[in-house]
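Data block for entry03.pdb (PDB, C-alpha atoms):
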ATOM      1  CA  MET A   1      -3.925 -55.728  44.188
ATOM      2  CA  GLN A   2      -2.343 -53.027  42.062
ATOM      3  CA  THR A   3      -5.800 -51.945  40.860
ATOM      4  CA  ASP A   4      -7.047 -51.606  44.440
ATOM      5  CA  THR A   5      -4.002 -49.530  45.357
ATOM      6  CA  SER A   6      -4.545 -47.316  42.329
ATOM      7  CA  MET A   7      -8.215 -46.803  43.207
ATOM      8  CA  THR A   8      -7.305 -45.924  46.792
ATOM      9  CA  THR A   9      -4.707 -43.429  45.614
ATOM     10  CA  THR A  10      -7.202 -41.871  43.207
ATOM     11  CA  THR A  11      -9.876 -41.620  45.897
ATOM     12  CA  LEU A  12      -7.484 -40.030  48.397
ATOM     13  CA  GLY A  13      -6.285 -37.638  45.723
ATOM     14  CA  LYS A  14      -9.847 -36.596  44.893
ATOM     15  CA  LEU A  15     -10.681 -36.153  48.583
ATOM     16  CA  THR A  16      -7.588 -34.007  49.045
ATOM     17  CA  THR A  17      -8.614 -31.866  46.080
ATOM     18  CA  LEU A  18     -12.133 -31.408  47.472
ATOM     19  CA  LEU A  19     -10.733 -30.380  50.859
ATOM     20  CA  GLU A  20      -8.405 -27.913  49.139
ATOM     21  CA  MET A  21     -11.397 -26.487  47.240
ATOM     22  CA  ILE A  22     -13.244 -25.673  50.456
ATOM     23  CA  LYS A  23     -10.050 -24.626  52.309
ATOM     24  CA  PHE A  24     -10.759 -27.157  55.029
ATOM     25  CA  SER A  25      -7.807 -25.919  57.082
ATOM     26  CA  HIS A  26      -9.699 -22.648  57.666
ATOM     27  CA  THR A  27     -12.178 -24.540  59.841
ATOM     28  CA  VAL A  28      -9.840 -23.451  62.645
ATOM     29  CA  PHE A  29     -11.435 -19.988  62.473
ATOM     30  CA  ALA A  30     -14.769 -21.135  63.931
ATOM     31  CA  PHE A  31     -13.919 -24.458  65.565
ATOM     32  CA  PRO A  32     -12.392 -23.015  68.764
ATOM     33  CA  PHE A  33     -15.393 -20.724  69.225
ATOM     34  CA  ALA A  34     -17.749 -23.692  68.983
ATOM     35  CA  LEU A  35     -15.753 -25.407  71.728
ATOM     36  CA  MET A  36     -15.720 -22.157  73.704
ATOM     37  CA  GLY A  37     -19.521 -22.139  73.544
ATOM     38  CA  ALA A  38     -19.449 -25.648  74.993
ATOM     39  CA  VAL A  39     -17.182 -24.471  77.829
ATOM     40  CA  LEU A  40     -19.549 -21.598  78.678
ATOM     41  CA  ALA A  41     -22.504 -23.979  78.640
ATOM     42  CA  SER A  42     -20.657 -26.309  81.006
ATOM     43  CA  LEU A  43     -19.880 -23.445  83.379
ATOM     44  CA  ALA A  44     -23.515 -22.359  83.333
ATOM     45  CA  GLY A  45     -24.773 -25.880  83.959
ATOM     46  CA  GLY A  46     -22.076 -27.006  86.335
ATOM     47  CA  THR A  47     -21.380 -30.245  84.477
ATOM     48  CA  PRO A  48     -18.766 -30.981  81.788
ATOM     49  CA  PRO A  49     -19.863 -32.291  78.376
ATOM     50  CA  THR A  50     -19.574 -35.974  77.588
ATOM     51  CA  PHE A  51     -17.173 -37.252  74.959
ATOM     52  CA  GLY A  52     -20.153 -38.058  72.728
ATOM     53  CA  GLN A  53     -21.496 -34.502  72.955
ATOM     54  CA  VAL A  54     -18.132 -32.983  72.060
ATOM     55  CA  PHE A  55     -17.751 -35.436  69.172
ATOM     56  CA  TRP A  56     -21.141 -34.635  67.642
ATOM     57  CA  ILE A  57     -20.644 -30.906  68.135
ATOM     58  CA  CYS A  58     -17.415 -31.248  66.154
ATOM     59  CA  MET A  59     -19.145 -33.303  63.452
ATOM     60  CA  ALA A  60     -21.936 -30.740  63.152
ATOM     61  CA  MET A  61     -19.339 -27.992  62.845
ATOM     62  CA  VAL A  62     -17.427 -29.855  60.132
ATOM     63  CA  GLY A  63     -20.630 -30.610  58.223
ATOM     64  CA  ALA A  64     -21.889 -27.034  58.375
ATOM     65  CA  ARG A  65     -18.613 -25.433  57.357
ATOM     66  CA  THR A  66     -17.863 -27.965  54.592
ATOM     67  CA  GLY A  67     -21.361 -27.704  53.114
ATOM     68  CA  ALA A  68     -21.296 -23.912  53.238
ATOM     69  CA  MET A  69     -17.926 -23.602  51.520
ATOM     70  CA  GLY A  70     -18.823 -26.175  48.878
ATOM     71  CA  LEU A  71     -22.087 -24.385  48.145
ATOM     72  CA  ASN A  72     -20.291 -21.058  47.978
ATOM     73  CA  ARG A  73     -17.851 -22.422  45.406
ATOM     74  CA  ILE A  74     -20.713 -23.795  43.278
ATOM     75  CA  ILE A  75     -22.814 -20.606  43.412
ATOM     76  CA  ASP A  76     -19.833 -18.333  42.740
ATOM     77  CA  ALA A  77     -18.239 -20.506  40.033
ATOM     78  CA  GLY A  78     -19.190 -18.062  37.263
ATOM     79  CA  ILE A  79     -17.908 -15.025  39.155
ATOM     80  CA  ASP A  80     -14.739 -16.887  40.148
ATOM     81  CA  ALA A  81     -14.066 -17.820  36.525
ATOM     82  CA  ASP A  82     -14.381 -14.166  35.460
ATOM     83  CA  ASN A  83     -12.258 -12.745  38.301
ATOM     84  CA  PRO A  84      -8.502 -13.022  37.564
ATOM     85  CA  ARG A  85      -7.745 -13.515  41.286
ATOM     86  CA  THR A  86     -10.046 -16.545  41.586
ATOM     87  CA  ALA A  87      -9.968 -18.018  38.072
ATOM     88  CA  SER A  88      -7.590 -20.756  39.205
ATOM     89  CA  ARG A  89      -9.990 -22.069  41.865
ATOM     90  CA  HIS A  90     -10.934 -25.710  41.540
ATOM     91  CA  LEU A  91     -14.330 -25.439  39.813
ATOM     92  CA  PRO A  92     -13.417 -22.743  37.244
ATOM     93  CA  ALA A  93     -10.125 -24.521  36.522
ATOM     94  CA  GLY A  94     -11.861 -27.887  36.059
ATOM     95  CA  LYS A  95      -9.993 -29.594  38.900
ATOM     96  CA  VAL A  96     -13.337 -30.543  40.480
ATOM     97  CA  ALA A  97     -16.547 -31.392  38.617
ATOM     98  CA  VAL A  98     -19.759 -29.626  39.624
ATOM     99  CA  ARG A  99     -21.359 -33.008  40.329
ATOM    100  CA  GLU A 100     -18.545 -33.872  42.736
ATOM    101  CA  ALA A 101     -18.944 -30.540  44.501
ATOM    102  CA  TRP A 102     -22.699 -31.122  44.893
ATOM    103  CA  LEU A 103     -22.087 -34.586  46.336
ATOM    104  CA  LEU A 104     -19.763 -33.013  48.891
ATOM    105  CA  VAL A 105     -22.364 -30.386  49.812
ATOM    106  CA  VAL A 106     -25.206 -32.878  50.183
ATOM    107  CA  GLY A 107     -23.039 -35.236  52.224
ATOM    108  CA  ALA A 108     -21.811 -32.415  54.477
ATOM    109  CA  PHE A 109     -25.288 -31.081  55.222
ATOM    110  CA  ALA A 110     -26.503 -34.637  55.833
ATOM    111  CA  LEU A 111     -23.704 -34.960  58.391
ATOM    112  CA  LEU A 112     -24.831 -31.702  60.021
ATOM    113  CA  LEU A 113     -28.427 -32.910  60.313
ATOM    114  CA  PHE A 114     -27.429 -36.316  61.642
ATOM    115  CA  ALA A 115     -25.018 -34.835  64.182
ATOM    116  CA  ALA A 116     -27.733 -32.415  65.340
ATOM    117  CA  SER A 117     -30.173 -35.304  65.770
ATOM    118  CA  MET A 118     -27.615 -37.033  67.993
ATOM    119  CA  LEU A 119     -27.430 -33.990  70.286
ATOM    120  CA  ASN A 120     -31.004 -32.905  71.066
ATOM    121  CA  PRO A 121     -34.316 -32.096  69.307
ATOM    122  CA  LEU A 122     -33.799 -28.314  69.411
ATOM    123  CA  CYS A 123     -30.481 -28.661  67.570
ATOM    124  CA  LEU A 124     -32.199 -30.705  64.869
ATOM    125  CA  TRP A 125     -35.081 -28.256  64.502
ATOM    126  CA  LEU A 126     -32.712 -25.297  64.193
ATOM    127  CA  SER A 127     -30.385 -26.998  61.691
ATOM    128  CA  PRO A 128     -32.438 -25.943  58.616
ATOM    129  CA  VAL A 129     -32.247 -22.329  59.845
ATOM    130  CA  ALA A 130     -28.459 -22.614  59.969
ATOM    131  CA  ILE A 131     -28.386 -24.140  56.472
ATOM    132  CA  PHE A 132     -30.578 -21.270  55.190
ATOM    133  CA  PHE A 133     -28.090 -18.632  56.375
ATOM    134  CA  LEU A 134     -25.159 -20.671  55.080
ATOM    135  CA  ALA A 135     -26.826 -20.807  51.659
ATOM    136  CA  ILE A 136     -28.047 -17.210  51.466
ATOM    137  CA  TYR A 137     -24.585 -15.831  52.236
ATOM    138  CA  SER A 138     -23.278 -16.880  48.826
ATOM    139  CA  TYR A 139     -25.926 -14.712  47.115
ATOM    140  CA  CYS A 140     -25.500 -11.636  49.325
ATOM    141  CA  LYS A 141     -22.774  -9.993  47.256
ATOM    142  CA  ARG A 142     -25.345  -9.720  44.452
ATOM    143  CA  PHE A 143     -27.725  -7.465  46.391
ATOM    144  CA  THR A 144     -26.271  -6.159  49.704
ATOM    145  CA  SER A 145     -22.990  -4.829  51.045
ATOM    146  CA  MET A 146     -23.830  -6.475  54.380
ATOM    147  CA  ALA A 147     -22.610  -9.861  53.146
ATOM    148  CA  HIS A 148     -19.820  -9.635  55.732
ATOM    149  CA  VAL A 149     -22.383  -9.421  58.535
ATOM    150  CA  VAL A 150     -24.295 -12.401  57.156
ATOM    151  CA  LEU A 151     -21.056 -14.391  57.160
ATOM    152  CA  GLY A 152     -20.588 -13.307  60.756
ATOM    153  CA  ILE A 153     -24.051 -14.623  61.605
ATOM    154  CA  CYS A 154     -23.131 -17.961  60.027
ATOM    155  CA  LEU A 155     -20.005 -18.378  62.152
ATOM    156  CA  ALA A 156     -21.732 -17.012  65.251
ATOM    157  CA  ALA A 157     -23.972 -20.074  65.021
ATOM    158  CA  ALA A 158     -20.994 -22.256  66.017
ATOM    159  CA  PRO A 159     -20.807 -21.313  69.732
ATOM    160  CA  ILE A 160     -24.579 -20.831  69.980
ATOM    161  CA  GLY A 161     -25.150 -24.279  68.503
ATOM    162  CA  ALA A 162     -22.685 -25.831  70.948
ATOM    163  CA  TRP A 163     -24.470 -24.189  73.892
ATOM    164  CA  ILE A 164     -27.846 -25.450  72.646
ATOM    165  CA  ALA A 165     -26.381 -28.921  72.168
ATOM    166  CA  LEU A 166     -25.419 -29.119  75.845
ATOM    167  CA  ARG A 167     -28.243 -27.199  77.514
ATOM    168  CA  GLY A 168     -31.204 -27.269  75.137
ATOM    169  CA  ASP A 169     -31.774 -23.520  75.607
ATOM    170  CA  ILE A 170     -30.083 -20.179  74.846
ATOM    171  CA  GLY A 171     -28.460 -18.045  77.542
ATOM    172  CA  TRP A 172     -27.074 -14.518  77.515
ATOM    173  CA  PRO A 173     -23.368 -15.510  77.752
ATOM    174  CA  VAL A 174     -23.451 -17.389  74.462
ATOM    175  CA  ILE A 175     -25.457 -14.613  72.796
ATOM    176  CA  VAL A 176     -22.673 -12.208  73.794
ATOM    177  CA  LEU A 177     -20.069 -14.657  72.489
ATOM    178  CA  GLY A 178     -22.032 -15.103  69.264
ATOM    179  CA  LEU A 179     -22.111 -11.331  68.747
ATOM    180  CA  ALA A 180     -18.359 -11.171  69.406
ATOM    181  CA  VAL A 181     -17.794 -13.791  66.714
ATOM    182  CA  LEU A 182     -20.129 -11.912  64.349
ATOM    183  CA  PHE A 183     -18.176  -8.649  64.627
ATOM    184  CA  TRP A 184     -14.824 -10.450  64.472
ATOM    185  CA  VAL A 185     -15.747 -12.322  61.285
ATOM    186  CA  ALA A 186     -17.377  -9.313  59.630
ATOM    187  CA  GLY A 187     -14.274  -7.251  60.365
ATOM    188  CA  PHE A 188     -11.749  -9.651  58.890
ATOM    189  CA  ASP A 189     -14.044 -10.421  55.936
ATOM    190  CA  ILE A 190     -13.963  -6.718  55.090
ATOM    191  CA  PHE A 191     -10.186  -7.052  54.888
ATOM    192  CA  TYR A 192     -10.556 -10.106  52.655
ATOM    193  CA  ALA A 193     -12.937  -8.239  50.318
ATOM    194  CA  LEU A 194     -10.310  -5.537  49.746
ATOM    195  CA  GLN A 195      -8.601  -7.937  47.342
ATOM    196  CA  ASP A 196     -11.558  -7.653  44.969
ATOM    197  CA  TYR A 197     -12.246  -3.939  45.447
ATOM    198  CA  GLU A 198     -11.686  -2.943  41.807
ATOM    199  CA  TYR A 199     -13.362  -6.049  40.378
ATOM    200  CA  ASP A 200     -16.453  -5.693  42.581
ATOM    201  CA  ARG A 201     -16.883  -2.021  41.686
ATOM    202  CA  HIS A 202     -16.471  -2.761  37.978
ATOM    203  CA  LYS A 203     -18.956  -5.662  38.029
ATOM    204  CA  GLY A 204     -21.489  -4.033  40.343
ATOM    205  CA  LEU A 205     -21.004  -6.552  43.162
ATOM    206  CA  PHE A 206     -21.752  -5.456  46.708
ATOM    207  CA  SER A 207     -19.332  -5.270  49.620
ATOM    208  CA  ILE A 208     -18.406  -2.710  52.241
ATOM    209  CA  PRO A 209     -15.170  -1.810  50.367
ATOM    210  CA  SER A 210     -16.985  -1.397  47.030
ATOM    211  CA  ARG A 211     -19.625   0.805  48.690
ATOM    212  CA  PHE A 212     -17.606   2.886  51.148
ATOM    213  CA  GLY A 213     -14.111   2.797  49.677
ATOM    214  CA  ILE A 214     -10.891   1.407  51.082
ATOM    215  CA  GLU A 215     -10.125   3.949  53.821
ATOM    216  CA  ARG A 216     -13.635   3.896  55.311
ATOM    217  CA  SER A 217     -13.611   0.100  55.146
ATOM    218  CA  PHE A 218     -10.518   0.060  57.364
ATOM    219  CA  LEU A 219     -12.322   2.289  59.863
ATOM    220  CA  ILE A 220     -15.403   0.037  59.861
ATOM    221  CA  ALA A 221     -13.237  -3.057  60.367
ATOM    222  CA  ARG A 222     -11.525  -1.368  63.335
ATOM    223  CA  VAL A 223     -14.872  -0.483  64.910
ATOM    224  CA  PHE A 224     -16.063  -4.069  64.442
ATOM    225  CA  HIS A 225     -12.966  -5.500  66.097
ATOM    226  CA  VAL A 226     -13.070  -3.065  69.018
ATOM    227  CA  THR A 227     -16.691  -4.126  69.498
ATOM    228  CA  MET A 228     -15.575  -7.756  69.542
ATOM    229  CA  VAL A 229     -13.088  -7.093  72.347
ATOM    230  CA  LEU A 230     -15.694  -5.205  74.390
ATOM    231  CA  LEU A 231     -18.141  -8.085  74.026
ATOM    232  CA  LEU A 232     -15.485 -10.580  75.115
ATOM    233  CA  LEU A 233     -14.845  -8.418  78.189
ATOM    234  CA  LEU A 234     -18.572  -8.500  78.951
ATOM    235  CA  LEU A 235     -18.300 -12.274  79.404
ATOM    236  CA  LEU A 236     -16.337 -11.618  82.601
ATOM    237  CA  PHE A 237     -19.738 -11.076  84.231
ATOM    238  CA  SER A 238     -20.748 -14.660  83.472
ATOM    239  CA  ASN A 239     -20.132 -17.432  85.976
ATOM    240  CA  GLY A 240     -16.735 -19.094  86.178
ATOM    241  CA  LEU A 241     -14.486 -16.731  84.219
ATOM    242  CA  GLY A 242     -11.778 -14.639  85.849
ATOM    243  CA  MET A 243      -8.261 -13.283  85.464
ATOM    244  CA  ILE A 244      -6.958 -16.045  83.219
ATOM    245  CA  TYR A 245      -9.775 -15.399  80.754
ATOM    246  CA  LEU A 246      -9.149 -11.638  81.019
ATOM    247  CA  SER A 247      -5.506 -12.259  80.131
ATOM    248  CA  GLY A 248      -6.685 -14.123  77.027
ATOM    249  CA  VAL A 249      -8.891 -11.211  75.977
ATOM    250  CA  LEU A 250      -5.939  -8.835  76.339
ATOM    251  CA  VAL A 251      -3.799 -11.132  74.185
ATOM    252  CA  VAL A 252      -6.560 -11.220  71.569
ATOM    253  CA  ALA A 253      -6.744  -7.417  71.645
ATOM    254  CA  GLY A 254      -2.997  -7.331  71.010
ATOM    255  CA  LEU A 255      -3.278  -9.788  68.120
ATOM    256  CA  LEU A 256      -6.084  -7.756  66.562
ATOM    257  CA  THR A 257      -3.990  -4.610  66.895
ATOM    258  CA  TYR A 258      -1.090  -6.336  65.169
ATOM    259  CA  GLU A 259      -3.433  -7.601  62.437
ATOM    260  CA  HIS A 260      -4.492  -4.027  61.720
ATOM    261  CA  MET A 261      -0.856  -2.951  61.658
ATOM    262  CA  LEU A 262      -0.049  -5.537  58.989
ATOM    263  CA  VAL A 263      -2.246  -3.881  56.388
ATOM    264  CA  CYS A 264      -3.077  -0.288  55.549
ATOM    265  CA  PRO A 265      -4.953   1.434  52.707
ATOM    266  CA  GLU A 266      -1.650   2.101  50.904
ATOM    267  CA  ASP A 267      -0.211  -1.421  51.342
ATOM    268  CA  LEU A 268      -2.289  -4.621  51.108
ATOM    269  CA  SER A 269       0.682  -6.880  50.384
ATOM    270  CA  ARG A 270       0.495  -8.602  53.796
ATOM    271  CA  LEU A 271      -3.253  -9.182  53.650
ATOM    272  CA  ASP A 272      -2.908 -12.970  53.460
ATOM    273  CA  SER A 273      -0.803 -13.024  56.622
ATOM    274  CA  ALA A 274      -3.294 -10.813  58.433
ATOM    275  CA  PHE A 275      -6.274 -12.865  57.294
ATOM    276  CA  PHE A 276      -5.106 -16.462  57.492
ATOM    277  CA  ASN A 277      -2.469 -16.508  60.221
ATOM    278  CA  MET A 278      -3.642 -13.935  62.734
ATOM    279  CA  ASN A 279      -7.286 -15.000  62.774
ATOM    280  CA  GLY A 280      -6.305 -18.602  63.403
ATOM    281  CA  TYR A 281      -4.149 -17.457  66.332
ATOM    282  CA  ILE A 282      -6.995 -15.318  67.702
ATOM    283  CA  SER A 283      -9.605 -18.067  67.790
ATOM    284  CA  VAL A 284      -7.265 -20.667  69.285
ATOM    285  CA  THR A 285      -5.933 -18.183  71.873
ATOM    286  CA  ILE A 286      -9.298 -17.126  73.310
ATOM    287  CA  PHE A 287     -10.483 -20.737  73.496
ATOM    288  CA  PHE A 288      -7.289 -21.865  75.224
ATOM    289  CA  PHE A 289      -7.489 -19.159  77.906
ATOM    290  CA  THR A 290     -11.217 -19.788  78.404
ATOM    291  CA  LEU A 291     -10.652 -23.528  78.826
ATOM    292  CA  VAL A 292      -7.737 -23.070  81.252
ATOM    293  CA  ASP A 293      -9.750 -20.550  83.297
ATOM    294  CA  ALA A 294     -12.703 -22.939  83.448
ATOM    295  CA  LEU A 295     -10.518 -25.854  84.512
ATOM    296  CA  VAL A 296      -8.677 -23.842  87.149
TER     297      VAL A 296
END

Could you express the structure from this file as structure tokens?
Amino acid sequence: MQTDTSMTTTTLGKLTTLLEMIKFSHTVFAFPFALMGAVLASLAGGTPPTFGQVFWICMAMVGARTGAMGLNRIIDAGIDADNPRTASRHLPAGKVAVREAWLLVVGAFALLLFAASMLNPLCLWLSPVAIFFLAIYSYCKRFTSMAHVVLGICLAAAPIGAWIALRGDIGWPVIVLGLAVLFWVAGFDIFYALQDYEYDRHKGLFSIPSRFGIERSFLIARVFHVTMVLLLLLLLFSNGLGMIYLSGVLVVAGLLTYEHMLVCPEDLSRLDSAFFNMNGYISVTIFFFTLVDALV
């Protein structure tokens, strides 16, 4: 009995460590947008999703994000070990074995494929394309400063995938939403890359900050986030969205403004707050207002 309890404790501890490695809590960034894509698909089709569809959309999202983060940690383990900011991450620090990380990645992508197969054939056929972009992102910093845009493409797949899951096609509203997510993610990832500005320049790694400098990177991030708000406003021309949704977009615009006020080229001390807290609030806020508008 004591042995079984010990094994259970060890297993839970290992699972907790793996989830910490991939920052599972950050799934909140893309999760609400996936559900927002489902809401738009329901408005376009006139019928709400079933519980099973929502469940498998969520499972596909968890599988994709978990596999992508695990793969990123494996591919970047050498760079992380050399970078003082990331040397304490789980793989470089030996808290997680490479074999364990690979098992997590394989299991997560298997979950993605299975969840896609439970939705519709088009989702299953497009799953390898999603996995390709999730994998290639981790190599981008080695050859292009557009890695932030590639990450945006990866997260933009969340609402687009949810739409496809419910309708089996692709419509203009979810393309607009996908582009909004792309510019939002690329913008805040530029902020995140500022932490490694000196290291990336010294090691010859590519990012928008290492190529254009800190001040221009702030300008690019602002342009990206203004573009996101404009794209969200464009969704007002789709069926079923009105003043409640518009109120949500205005709140998001305010949150983005505050996020840009938290950090400046001369002071990056509040970067974590801007990146982790504000972006979670933004994604949850726009989904909540979209859902309420659709229900009303």

Can you report as JSON the centre and edge lengths in Å, to one decimal, of an axis-aligned box around the listed atoms of region 45-63 of chain A padded with 3 Å on each side?
{"center_x": -21.0, "center_y": -32.0, "center_z": 72.3, "size_x": 13.6, "size_y": 18.2, "size_z": 34.1}

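Note that CA of Ala108 (chain A) and CA of Ser207 (chain A) are 27.7 Å apart.
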
**OP:** Pull the neighbourhood of (-28.9, -22.8, 58.0) for me: all residues within 12 Å in file coordinates, counting all atoms listed in the file, as a ChimeraX atom specification.
**Re:** /A:60-61,63-65,67-68,109,112-113,123-137,150-151,153-158,161

Sorted by chain and rising residue number, which residues of region 182-245 of chain A lie within 12 Å of region 76-82 of chain A, and what are their closest atom pairs and distances in Å to one decimal, counting all atoms listed in the file, as a tab-separated table?
residue	atom	partner	partner_atom	distance
A:Asp196	CA	A:Asp80	CA	10.9
A:Tyr199	CA	A:Asp82	CA	9.5
A:Asp200	CA	A:Ile79	CA	10.0
A:His202	CA	A:Asp82	CA	11.9
A:Lys203	CA	A:Ile79	CA	9.5
A:Gly204	CA	A:Ile79	CA	11.6
A:Leu205	CA	A:Ile79	CA	9.9

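Minimum distance to Leu295 (chain A) across A:Trp163, A:Tyr281, A:Phe188, A:Tyr245 (counting only C-alpha atoms) occurs at A:Tyr245.
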
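Atom pair CA of Val249 (chain A) / CA of Phe289 (chain A) has a distance of 8.3 Å (rounded to one decimal).
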
Subject >> Best match for closeness to Gln53 (chain A) among A:Arg167, A:Tyr258, A:Pro265, A:Met228, counting all atoms listed in the file >> reply: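 Checking each of A:Arg167, A:Tyr258, A:Pro265, A:Met228 against Gln53 (chain A), counting all atoms listed in the file, the winner is A:Arg167.
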
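For the set A:Pro92, A:Pro84, A:Pro49, A:Gly70, the residue with the smallest atom-to-atom gap to Val106 (chain A) is A:Gly70, counting all atoms listed in the file.
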
**OP:** Name the closest residue to Ala221 (chain A) among the candidates A:Met36, A:Val149, A:Val62, A:Val174; distances are taken between atoms, counting all atoms listed in the file.
**Re:**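 Distance minimum relative to Ala221 (chain A) lands on A:Val149.
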